[in-house]
file work-v8.cif (mmCIF, C-alpha atoms)
data_my_file
#
loop_
_atom_site.label_atom_id
_atom_site.label_comp_id
_atom_site.auth_asym_id
_atom_site.auth_seq_id
_atom_site.Cartn_x
_atom_site.Cartn_y
_atom_site.Cartn_z
CA MET A 715 -69.27 13.89 -15.79
CA LYS A 716 -66.24 15.34 -17.47
CA ASN A 717 -64.34 15.35 -14.16
CA ASN A 718 -65.15 11.68 -13.61
CA ASN A 719 -63.74 10.80 -17.03
CA LEU A 720 -60.58 12.73 -16.29
CA LYS A 721 -60.17 10.85 -13.02
CA LYS A 722 -60.61 7.51 -14.80
CA ILE A 723 -58.04 8.50 -17.42
CA GLY A 724 -55.61 9.52 -14.67
CA ILE A 725 -56.02 6.20 -12.85
CA VAL A 726 -55.36 4.31 -16.09
CA ILE A 727 -52.16 6.31 -16.71
CA VAL A 728 -50.89 5.65 -13.18
CA CYS A 729 -51.58 1.93 -13.56
CA ILE A 730 -49.68 1.83 -16.85
CA LEU A 731 -46.70 3.60 -15.25
CA LEU A 732 -46.63 1.16 -12.34
CA LEU A 733 -46.83 -1.79 -14.70
CA SER A 734 -44.03 -0.39 -16.83
CA ILE A 735 -41.82 0.03 -13.74
CA ASN A 736 -42.44 -3.57 -12.65
CA PHE A 737 -41.88 -4.76 -16.18
CA GLN A 738 -38.55 -2.92 -16.29
CA LYS A 739 -37.50 -4.64 -13.05
CA ASN A 740 -38.28 -8.02 -14.56
CA ILE A 741 -36.21 -7.18 -17.61
CA LEU A 742 -33.26 -6.05 -15.45
CA ALA A 743 -33.43 -9.25 -13.44
CA LEU A 744 -32.61 -11.20 -16.58
CA GLU A 745 -29.67 -9.04 -17.64
CA PRO A 746 -26.35 -10.90 -17.14
CA PRO A 747 -24.19 -11.09 -15.23
CA ALA A 748 -25.97 -11.00 -11.92
CA MET A 749 -22.98 -12.77 -10.34
CA SER A 750 -19.74 -10.78 -10.46
CA VAL A 751 -16.30 -12.14 -9.65
CA ILE A 752 -15.18 -8.66 -8.58
CA GLY A 753 -15.89 -8.20 -4.90
CA LYS A 754 -15.23 -5.47 -2.36
CA ARG A 755 -11.51 -6.26 -2.50
CA ASN A 756 -9.12 -7.93 -4.89
CA ASP A 757 -8.47 -11.64 -4.53
CA VAL A 758 -5.27 -12.64 -2.72
CA ILE A 759 -3.63 -15.70 -4.30
CA THR A 760 -0.72 -17.29 -2.40
CA PRO A 761 1.24 -20.50 -3.09
CA ASN A 762 -0.92 -22.58 -0.70
CA ASN A 763 -4.08 -20.53 -0.19
CA ALA A 764 -6.50 -18.10 -1.77
CA ILE A 765 -8.73 -15.43 -0.25
CA LEU A 766 -11.49 -14.86 -2.79
CA PHE A 767 -14.19 -12.20 -3.05
CA THR A 768 -17.40 -12.15 -5.06
CA LYS A 769 -20.67 -10.23 -5.20
CA CYS A 770 -24.14 -10.90 -6.55
CA LYS A 771 -26.93 -8.53 -7.61
CA ASN A 772 -29.96 -9.50 -5.52
CA TYR A 773 -32.75 -8.38 -7.86
CA SER A 774 -35.49 -10.50 -6.28
CA TYR A 775 -34.21 -10.19 -2.67
CA ASP A 776 -34.55 -13.97 -2.56
CA ILE A 777 -30.91 -15.15 -2.49
CA ASN A 778 -30.22 -17.31 0.55
CA LYS A 779 -26.63 -18.52 0.03
CA ILE A 780 -23.66 -18.44 -2.33
CA GLU A 781 -21.93 -21.69 -3.21
CA MET A 782 -18.26 -21.84 -4.22
CA THR A 783 -16.57 -24.87 -5.80
CA ILE A 784 -12.88 -25.20 -6.71
CA TYR A 785 -11.66 -27.54 -9.46
CA GLU A 786 -8.32 -28.49 -10.94
CA ASP A 787 -7.30 -30.26 -14.15
CA TYR A 788 -9.71 -28.26 -16.30
CA LYS A 789 -12.73 -28.80 -14.05
CA GLU A 790 -12.36 -32.59 -14.09
CA LYS A 791 -11.37 -32.87 -10.42
CA GLN A 792 -13.25 -31.15 -7.62
CA VAL A 793 -10.90 -29.89 -4.91
CA GLY A 794 -13.42 -28.43 -2.47
CA LYS A 795 -16.90 -26.99 -2.04
CA VAL A 796 -18.47 -24.65 0.52
CA GLU A 797 -21.69 -22.67 0.97
CA LYS A 798 -22.18 -19.40 2.84
CA ILE A 799 -25.49 -18.03 4.09
CA VAL A 800 -26.09 -14.41 3.03
CA ASP A 801 -28.43 -11.55 3.99
CA SER A 802 -31.22 -11.66 1.42
CA ASN A 803 -32.42 -8.13 2.27
CA LEU A 804 -29.46 -6.41 0.61
CA PRO A 805 -29.48 -5.23 -3.02
CA TRP A 806 -25.91 -6.53 -3.45
CA VAL A 807 -24.61 -9.62 -1.67
CA HIS A 808 -20.85 -9.64 -0.94
CA VAL A 809 -19.12 -12.88 0.08
CA SER A 810 -15.50 -13.77 0.88
CA TYR A 811 -13.88 -17.19 1.10
CA ASN A 812 -10.63 -18.30 2.70
CA VAL A 813 -9.86 -21.61 1.00
CA GLN A 814 -7.73 -23.09 3.78
CA LYS A 815 -10.04 -21.96 6.56
CA ASP A 816 -13.43 -22.55 4.90
CA MET A 817 -12.61 -25.72 2.97
CA GLY A 818 -9.82 -27.20 5.05
CA ILE A 819 -7.61 -27.75 2.00
CA GLU A 820 -4.18 -26.54 0.95
CA LEU A 821 -3.53 -25.42 -2.63
CA GLN A 822 -0.33 -26.34 -4.47
CA PRO A 823 2.22 -23.79 -5.80
CA GLY A 824 2.26 -23.15 -9.55
CA LYS A 825 -1.06 -24.92 -10.23
CA GLU A 826 -4.16 -23.82 -12.16
CA TYR A 827 -7.50 -23.82 -10.37
CA TYR A 828 -11.02 -23.00 -11.49
CA VAL A 829 -13.37 -21.36 -8.99
CA HIS A 830 -17.12 -21.43 -9.63
CA TYR A 831 -19.71 -19.31 -7.80
CA HIS A 832 -23.41 -20.14 -7.71
CA ALA A 833 -26.33 -18.32 -6.04
CA ILE A 834 -29.19 -20.30 -4.49
CA CYS A 835 -32.65 -18.95 -3.54
CA LYS A 836 -34.45 -19.48 -0.24
CA ASN A 837 -36.66 -22.17 -1.76
CA GLY A 838 -33.68 -23.94 -3.30
CA GLY A 839 -34.39 -22.62 -6.79
CA GLU A 840 -31.65 -21.71 -9.24
CA LEU A 841 -31.73 -18.34 -10.99
CA LYS A 842 -30.61 -17.73 -14.55
CA ASP A 843 -27.27 -15.88 -14.89
CA TYR A 844 -26.62 -16.27 -11.17
CA ASP A 845 -23.39 -18.24 -11.55
CA ASN A 846 -19.93 -17.31 -12.74
CA GLY A 847 -16.34 -18.51 -12.51
CA TYR A 848 -12.75 -18.00 -13.57
CA TRP A 849 -9.28 -19.57 -13.56
CA PHE A 850 -6.34 -18.55 -11.42
CA VAL A 851 -2.77 -19.76 -10.93
CA THR A 852 -0.99 -19.99 -7.58
CA PRO A 853 2.51 -18.42 -7.58
CA ASN A 854 5.50 -20.76 -7.50
CA ILE A 855 7.98 -18.60 -5.59
CA GLU A 856 10.12 -19.21 -2.50
CA LEU A 857 11.40 -16.42 -0.21
CA THR A 858 14.22 -16.43 2.31
CA THR A 859 15.66 -13.47 4.20
CA MET A 860 18.98 -12.50 5.77
CA LYS A 861 19.38 -9.85 8.49
CA GLN A 862 22.42 -7.64 7.91
CA ASN A 863 24.22 -4.63 9.39
CA ILE A 864 22.01 -4.30 12.46
CA VAL A 865 22.92 -1.24 14.55
CA GLU A 866 21.18 0.90 17.16
CA ASP A 867 18.76 2.63 14.77
CA ASN A 868 18.87 0.64 11.55
CA ALA A 869 18.90 -2.80 9.94
CA GLN A 870 19.18 -4.19 6.43
CA ILE A 871 16.98 -7.08 5.30
CA LYS A 872 18.16 -9.05 2.28
CA VAL A 873 15.31 -10.85 0.50
CA ASN A 874 16.28 -13.83 -1.67
CA ILE A 875 13.71 -14.83 -4.32
CA ALA A 876 13.73 -18.23 -6.04
CA SER A 877 11.21 -18.72 -8.87
CA HIS A 878 10.21 -22.23 -9.96
CA GLY A 879 7.67 -21.23 -12.63
CA SER A 880 6.85 -18.52 -15.13
CA ASP A 881 5.95 -15.84 -12.60
CA LYS A 882 7.00 -12.25 -13.12
CA ILE A 883 8.15 -10.39 -10.00
CA VAL A 884 6.11 -7.17 -10.00
CA LYS A 885 7.37 -5.66 -6.74
CA ALA A 886 8.92 -6.63 -3.41
CA GLY A 887 8.83 -5.11 0.04
CA VAL A 888 9.46 -5.39 3.76
CA ARG A 889 6.95 -4.27 6.39
CA VAL A 890 8.22 -3.75 9.96
CA THR A 891 6.08 -3.94 13.10
CA CYS A 892 6.72 -3.58 16.83
CA PHE A 893 4.25 -4.97 19.41
CA GLY A 894 1.61 -5.23 16.65
CA CYS A 895 1.99 -1.61 15.49
CA ILE A 896 3.24 -0.87 11.97
CA VAL A 897 6.56 0.99 12.02
CA GLY A 898 6.79 1.38 8.24
CA THR A 899 7.19 -0.31 4.86
CA VAL A 900 9.99 -0.30 2.28
CA GLU A 901 8.80 -1.34 -1.19
CA LYS A 902 10.58 -1.55 -4.55
CA GLU A 903 9.30 -1.98 -8.11
CA VAL A 904 10.92 -4.95 -9.87
CA ASN A 905 8.94 -5.93 -13.03
CA LYS A 906 11.32 -8.74 -13.92
CA GLN A 907 11.08 -12.44 -14.72
CA THR A 908 14.04 -14.31 -13.28
CA ASP A 909 14.91 -17.62 -11.63
CA GLU A 910 16.86 -15.99 -8.78
CA LEU A 911 16.95 -12.48 -7.39
CA SER A 912 18.26 -10.80 -4.22
CA ILE A 913 17.04 -7.39 -3.07
CA ASN A 914 18.47 -5.46 -0.14
CA PHE A 915 16.18 -3.23 1.94
CA ASP A 916 17.82 -0.51 4.06
CA LEU A 917 15.11 0.30 6.59
CA LYS A 918 16.43 3.69 7.69
CA ASN A 919 17.97 5.14 4.54
CA GLN A 920 15.53 3.75 1.97
CA GLY A 921 12.34 3.50 4.02
CA LYS A 922 12.86 6.39 6.49
CA LEU A 923 11.95 4.06 9.36
CA ASN A 924 12.75 5.35 12.84
CA LEU A 925 14.03 2.36 14.81
CA LEU A 926 14.81 2.53 18.53
CA PRO A 927 17.93 1.05 20.19
CA ASN A 928 17.73 -2.25 22.09
CA CYS A 929 14.23 -2.99 20.71
CA ASN A 930 12.62 -6.14 19.25
CA TYR A 931 11.04 -5.83 15.81
CA GLN A 932 9.10 -8.22 13.55
CA TYR A 933 9.07 -8.01 9.77
CA ASN A 934 7.08 -9.37 6.85
CA ALA A 935 8.99 -9.72 3.56
CA TYR A 936 6.78 -10.16 0.49
CA VAL A 937 6.69 -10.18 -3.29
CA VAL A 938 3.79 -9.51 -5.65
CA THR A 939 3.85 -11.70 -8.76
CA LYS A 940 1.99 -11.96 -12.04
CA SER A 941 1.47 -15.19 -13.95
CA LEU A 942 2.76 -15.04 -17.52
CA GLY A 943 0.77 -18.04 -18.75
CA LYS A 944 -2.85 -18.08 -19.89
CA ARG A 945 -4.08 -16.94 -16.45
CA LYS A 946 -2.50 -13.55 -15.84
CA ASN A 947 -3.64 -13.11 -12.26
CA GLU A 948 -1.51 -11.57 -9.52
CA GLY A 949 -0.12 -13.59 -6.64
CA ARG A 950 1.52 -12.82 -3.31
CA VAL A 951 4.25 -14.66 -1.40
CA ASP A 952 5.21 -13.80 2.19
CA THR A 953 7.80 -14.79 4.75
CA TYR A 954 8.30 -13.58 8.32
CA GLY A 955 11.19 -12.87 10.66
CA SER A 956 12.42 -10.73 13.53
CA PHE A 957 15.48 -8.81 14.69
CA LYS A 958 16.69 -6.76 17.65
CA THR A 959 18.53 -3.46 17.35
CA LEU A 960 21.76 -3.03 19.28
CA GLU A 961 21.99 -1.21 22.58
CA ASP A 962 23.04 2.42 22.18
CA ALA A 963 25.35 4.50 24.35
CA SER A 964 23.50 6.17 27.22
CA PHE A 965 23.73 7.87 30.58
CA THR A 966 22.62 6.50 33.93
CA LYS A 967 22.27 8.58 37.08
CA GLY A 968 25.30 8.83 39.35
CA ILE A 969 25.50 10.04 42.96
CA ASN A 970 26.23 13.73 43.34
CA LYS A 971 28.11 14.95 46.41
CA ILE A 972 26.93 18.29 47.88
CA THR A 973 28.95 19.70 50.80
CA LYS A 974 29.20 23.13 52.45
CA LYS A 975 32.36 23.86 50.52
CA ASN A 976 31.91 22.11 47.20
CA VAL A 977 29.63 20.40 44.64
CA ILE A 978 30.75 17.25 42.83
CA ILE A 979 28.56 16.13 39.88
CA CYS A 980 28.79 12.45 38.83
CA GLU A 981 27.03 10.59 35.99
CA ASN A 982 27.70 7.17 34.43
CA LEU A 983 28.29 6.81 30.69
CA LEU A 984 27.39 3.38 29.23
CA ASN A 985 29.11 2.48 25.96
CA PRO A 986 28.17 -1.20 25.31
CA ARG A 987 29.66 -1.34 21.81
CA GLY A 988 32.97 0.27 22.82
CA LYS A 989 32.62 3.22 20.45
CA PHE A 990 35.18 6.01 20.49
CA ILE A 991 34.58 8.46 23.37
CA GLU A 992 35.90 11.80 22.17
CA LYS A 993 35.11 14.27 24.96
CA TYR A 994 32.62 15.08 27.70
CA GLY A 995 31.50 18.23 29.47
CA LEU A 996 29.28 19.92 32.04
CA VAL A 997 27.13 23.04 31.71
CA ILE A 998 25.57 24.72 34.79
CA LYS A 999 22.58 27.05 34.46
CA LYS A 1000 20.68 29.42 36.69
CA GLY A 1001 17.27 29.48 35.05
CA ASN A 1002 18.14 29.54 31.35
CA LYS A 1003 21.42 31.44 31.80
CA VAL A 1004 24.70 29.56 31.59
CA ILE A 1005 26.89 30.48 34.58
CA GLY A 1006 29.61 27.88 34.25
CA GLN A 1007 30.94 25.18 31.94
CA CYS A 1008 33.81 22.77 31.58
CA GLU A 1009 34.89 20.27 28.92
CA LYS A 1010 37.42 17.44 29.12
CA LEU A 1011 39.07 15.09 26.61
CA CYS A 1012 38.94 11.37 27.29
CA SER A 1013 42.32 9.77 27.99
CA ILE A 1014 43.71 7.42 25.35
CA SER A 1015 43.31 4.40 27.63
CA GLU A 1016 39.60 5.13 28.14
CA THR A 1017 38.44 6.12 24.66
CA ASN A 1018 36.83 2.72 23.98
CA ILE A 1019 35.77 1.52 27.41
CA THR A 1020 32.21 0.25 27.84
CA LYS A 1021 31.49 2.11 31.10
CA LYS A 1022 32.95 5.33 32.46
CA GLN A 1023 32.08 7.57 35.40
CA LEU A 1024 32.12 11.24 34.39
CA LYS A 1025 32.98 13.46 37.37
CA PHE A 1026 33.23 17.22 37.72
CA ASN A 1027 34.50 19.06 40.79
CA ILE A 1028 32.95 22.53 40.73
CA ARG A 1029 35.64 24.29 42.82
CA LYS A 1030 38.40 22.65 40.79
CA ASP A 1031 36.96 22.50 37.26
CA MET A 1032 34.81 25.65 36.94
CA LYS A 1033 36.21 29.15 36.44
CA LYS A 1034 34.58 32.31 37.88
CA ILE A 1035 31.41 30.64 39.16
CA LYS A 1036 29.26 31.70 42.11
CA LEU A 1037 26.71 29.35 43.66
CA VAL A 1038 24.41 30.95 46.24
CA LYS A 1039 23.24 29.10 49.34
CA GLY A 1040 19.70 27.69 49.06
CA LYS A 1041 19.42 28.35 45.33
CA LYS A 1042 18.55 25.58 42.87
CA TYR A 1043 20.69 25.09 39.76
CA LYS A 1044 20.25 22.98 36.64
CA TYR A 1045 23.01 21.17 34.83
CA GLU A 1046 23.60 19.31 31.59
CA MET A 1047 26.19 16.57 31.33
CA TYR A 1048 27.14 15.52 27.79
CA SER A 1049 29.54 13.26 25.93
CA PHE A 1050 30.44 12.69 22.29
CA VAL A 1051 30.51 8.96 21.56
CA GLY A 1052 31.10 7.67 18.04
CA GLY A 1053 30.50 11.18 16.69
CA LYS A 1054 27.08 11.46 18.37
CA LYS A 1055 26.21 13.67 21.35
CA TYR A 1056 24.54 12.09 24.40
CA VAL A 1057 23.03 14.23 27.17
CA ILE A 1058 21.68 13.82 30.69
CA ASN A 1059 20.08 16.61 32.74
CA GLY A 1060 19.87 17.14 36.49
CA ALA A 1061 19.59 19.71 39.26
CA PHE A 1062 21.11 20.46 42.67
CA LYS A 1063 20.82 22.92 45.61
CA VAL A 1064 23.89 24.24 47.44
CA LYS A 1065 24.18 24.23 51.22
CA LYS A 1066 26.50 27.24 51.42
CA THR A 1067 27.49 30.01 49.01
CA ILE A 1068 30.44 28.91 46.88
CA ILE A 1069 32.54 31.52 45.08
CA LYS A 1070 35.34 30.54 42.68
CA ARG A 1071 37.60 33.39 41.63
#

call {"tool": "encode", "arguments": {"input": "work-v8.cif", "output": "structure tokens"}}
result
Amino acid sequence: MKNNNLKKIGIVIVCILLLSINFQKNILALEPPAMSVIGKRNDVITPNNAILFTKCKNYSYDINKIEMTIYEDYKEKQVGKVEKIVDSNLPWVHVSYNVQKDMGIELQPGKEYYVHYHAICKNGGELKDYDNGYWFVTPNIELTTMKQNIVEDNAQIKVNIASHGSDKIVKAGVRVTCFGCIVGTVEKEVNKQTDELSINFDLKNQGKLNLLPNCNYQYNAYVVTKSLGKRKNEGRVDTYGSFKTLEDASFTKGINKITKKNVIICENLLNPRGKFIEKYGLVIKKGNKVIGQCEKLCSISETNITKKQLKFNIRKDMKKIKLVKGKKYKYEMYSFVGGKKYVINGAFKVKKTIIKR
């Protein structure tokens, strides 16, 4: 009898606990705000568009869609409205909106807008504390760029900023891509309110970007702003462009002449920008051991030519060298152009032993 009473008491306690848990859930469901204007990412506000993020606590697992409405003129004029279906089985519902894409409208620079979010249940019912909203201001900034000092491995991008409102320039940057891959970004802190501003970005020296000669690049210049009025939200303004690095000096393969009595090594030096050609040379190796070398100065009349054939006659130019019949030798041809060394490598096999005393 006593055991039966204990069992009854235990069942009552369990029931009370379950009821208290359910009661707590009901209380939580009424705690504001269920709708948050802070989503997975920060909103991106541009002069003509806005990408907005929001999330909603799905206490009842009954939310079917989130409605977003944009107003201007202190909520007197509706600009656009859109609904998005959501997964009602998630504890938190995250939604993103692209105003231009989802609403088919274009925002105006330097204008205040009010965005209102509203959650709707499957049966069309409206939940308490399941709506929220806030104001934002679109930035009123114009960007133009100038490409400067483009060379084989570097370029400078000058970003001109014209402000038509009360925006503060927080930072500015240039991101460079090539065939869709990010090469690198140069960014500078500004923290200044001004009508006009020009910032120069040296991609190699300031951003440590490794650019290749004779290559096409795309860039995205941008500024991050902050409104100094009542709505202190951040904004972003972008502009796009492209540039091509200059062609660098290089070697192309020449035609070597191998006879029974001699070896003549020829390579072609390309110098498209007419840089100063200081000197050029040839190093011959057997394995990794240097067995002969020769260096020549470029004549005054040829120091700035755009194309030059570099030729070395082994019997004439090399001292104390012995090349054995049937053996394979490696060589390195080099030239100093504009203070930079350029190299081409090759190999050859002699037809008859050549000895130069």

call {"tool": "resolve_selection", "arguments": {"input": "work-v8.cif", "expression": "the PyMOL selection byres ((chain A and resi 825) around 12)", "output": "PyMOL selection string"}}
result
chain A and resi 759-763+785-788+820-824+826-828+849-855+878-881+941+943-945+949

call {"tool": "axis_aligned_box", "arguments": {"input": "work-v8.cif", "around": "region 934-945 of chain A", "padding_each_side": "8 Å", "output": "lines of an AutoDock Vina configuration file"}}
result
center_x = 2.5
center_y = -13.7
center_z = -6.5
size_x = 29.1
size_y = 24.7
size_z = 42.7

call {"tool": "closest_atom_pairs", "arguments": {"input": "work-v8.cif", "of": "region 892-966 of chain A", "to": "region 862-876 of chain A", "cutoff": "7 Å", "atoms": "all atoms listed in the file", "output": "CSV"}}
result
residue,atom,partner,partner_atom,distance
A:Asp909,CA,A:Ala876,CA,5.7
A:Glu910,CA,A:Ala876,CA,4.7
A:Leu911,CA,A:Ile875,CA,5.0
A:Ser912,CA,A:Asn874,CA,4.4
A:Ile913,CA,A:Val873,CA,5.3
A:Asn914,CA,A:Lys872,CA,4.3
A:Phe915,CA,A:Ile871,CA,5.2
A:Asp916,CA,A:Gln870,CA,4.6
A:Leu917,CA,A:Ala869,CA,5.9
A:Lys918,CA,A:Asn868,CA,5.5
A:Asn924,CA,A:Asp867,CA,6.9
A:Leu925,CA,A:Asp867,CA,4.7
A:Leu926,CA,A:Asp867,CA,5.5
A:Pro927,CA,A:Glu866,CA,4.4
A:Asn928,CA,A:Glu866,CA,6.8
A:Thr959,CA,A:Glu866,CA,5.1
A:Leu960,CA,A:Glu866,CA,4.5
A:Glu961,CA,A:Glu866,CA,5.9
A:Asp962,CA,A:Glu866,CA,5.6

call {"tool": "resolve_selection", "arguments": {"input": "work-v8.cif", "expression": "the PyMOL selection byres ((chain A and resi 793) around 8)", "output": "PyMOL selection string"}}
result
chain A and resi 783-786+791-792+794-795+819

call {"tool": "resolve_selection", "arguments": {"input": "work-v8.cif", "expression": "the PyMOL selection byres ((chain A and resi 1037) around 7)", "output": "NGL selection string"}}
result
:A and (1035-1036 or 1038-1039 or 1064 or 1067-1069)

call {"tool": "write_last_selection", "arguments": {"input": "work-v8.cif", "atoms": "C-alpha atoms", "output": "compact mmCIF listing (two decimals), in the coordinates of the input"}}
result
# COMPACT_ATOMS: atom_id res chain seq x y z
CA ILE A 1035 31.41 30.64 39.16
CA LYS A 1036 29.26 31.70 42.11
CA VAL A 1038 24.41 30.95 46.24
CA LYS A 1039 23.24 29.10 49.34
CA VAL A 1064 23.89 24.24 47.44
CA THR A 1067 27.49 30.01 49.01
CA ILE A 1068 30.44 28.91 46.88
CA ILE A 1069 32.54 31.52 45.08

call {"tool": "atom_distance", "arguments": {"input": "work-v8.cif", "atom1": "CA of Lys971 (chain A)", "atom2": "CA of Ile1014 (chain A)"}}
result
27.3 Å

call {"tool": "residues_around", "arguments": {"input": "work-v8.cif", "residues": "Ile1028 (chain A)", "least_positions_apart": "2", "cutoff": "9 Å", "atoms": "only C-alpha atoms", "output": "VMD selection string"}}
result
chain A and resid 976 to 979 1026 1030 to 1033 1035 1070

call {"tool": "write_last_selection", "arguments": {"input": "work-v8.cif", "atoms": "C-alpha atoms", "output": "mmCIF file, in the frame of the given file"}}
result
data_model
loop_
_atom_site.group_PDB
_atom_site.id
_atom_site.type_symbol
_atom_site.label_atom_id
_atom_site.label_comp_id
_atom_site.auth_asym_id
_atom_site.auth_seq_id
_atom_site.Cartn_x
_atom_site.Cartn_y
_atom_site.Cartn_z
ATOM 1 C CA ASN A 976 31.910 22.110 47.200
ATOM 2 C CA VAL A 977 29.630 20.400 44.640
ATOM 3 C CA ILE A 978 30.750 17.250 42.830
ATOM 4 C CA ILE A 979 28.560 16.130 39.880
ATOM 5 C CA PHE A 1026 33.230 17.220 37.720
ATOM 6 C CA LYS A 1030 38.400 22.650 40.790
ATOM 7 C CA ASP A 1031 36.960 22.500 37.260
ATOM 8 C CA MET A 1032 34.810 25.650 36.940
ATOM 9 C CA LYS A 1033 36.210 29.150 36.440
ATOM 10 C CA ILE A 1035 31.410 30.640 39.160
ATOM 11 C CA LYS A 1070 35.340 30.540 42.680
#

call {"tool": "atom_distance", "arguments": {"input": "work-v8.cif", "atom1": "CA of Leu857 (chain A)", "atom2": "CA of Asp816 (chain A)"}}
result
26.1 Å

call {"tool": "closest_residue", "arguments": {"input": "work-v8.cif", "among": "A:Asp952, A:Glu901, A:Glu781, A:Asp843", "to": "Met749 (chain A)", "atoms": "all atoms listed in the file"}}
result
A:Asp843

call {"tool": "residues_around", "arguments": {"input": "work-v8.cif", "residues": "region 982-999 of chain A", "least_positions_apart": "5", "cutoff": "8 Å", "atoms": "all atoms listed in the file", "output": "PyMOL selection string"}}
result
chain A and resi 961-968+1004-1012+1016-1024+1026+1043-1053

call {"tool": "atom_distance", "arguments": {"input": "work-v8.cif", "atom1": "CA of Tyr954 (chain A)", "atom2": "CA of Gly887 (chain A)"}}
result
11.9 Å

call {"tool": "residues_near_point", "arguments": {"input": "work-v8.cif", "point": "(-30.1, -10.0, 3.7)", "cutoff": "12 Å", "atoms": "all atoms listed in the file", "output": "list of chain:residue names"}}
result
A:Cys770, A:Lys771, A:Asn772, A:Tyr773, A:Ser774, A:Tyr775, A:Asp776, A:Ile777, A:Asn778, A:Lys779, A:Ile799, A:Val800, A:Asp801, A:Ser802, A:Asn803, A:Leu804, A:Pro805, A:Trp806, A:Val807, A:His808, A:Val809, A:Cys835, A:Lys836

call {"tool": "closest_residue", "arguments": {"input": "work-v8.cif", "among": "A:Val829, A:Asn934, A:Lys940, A:Glu981", "to": "Ile1058 (chain A)", "atoms": "all atoms listed in the file"}}
result
A:Glu981

call {"tool": "residues_around", "arguments": {"input": "work-v8.cif", "residues": "region 893-897 of chain A", "least_positions_apart": "5", "cutoff": "10 Å", "atoms": "all atoms listed in the file", "output": "ChimeraX atom specification"}}
result
/A:922-925,930-933
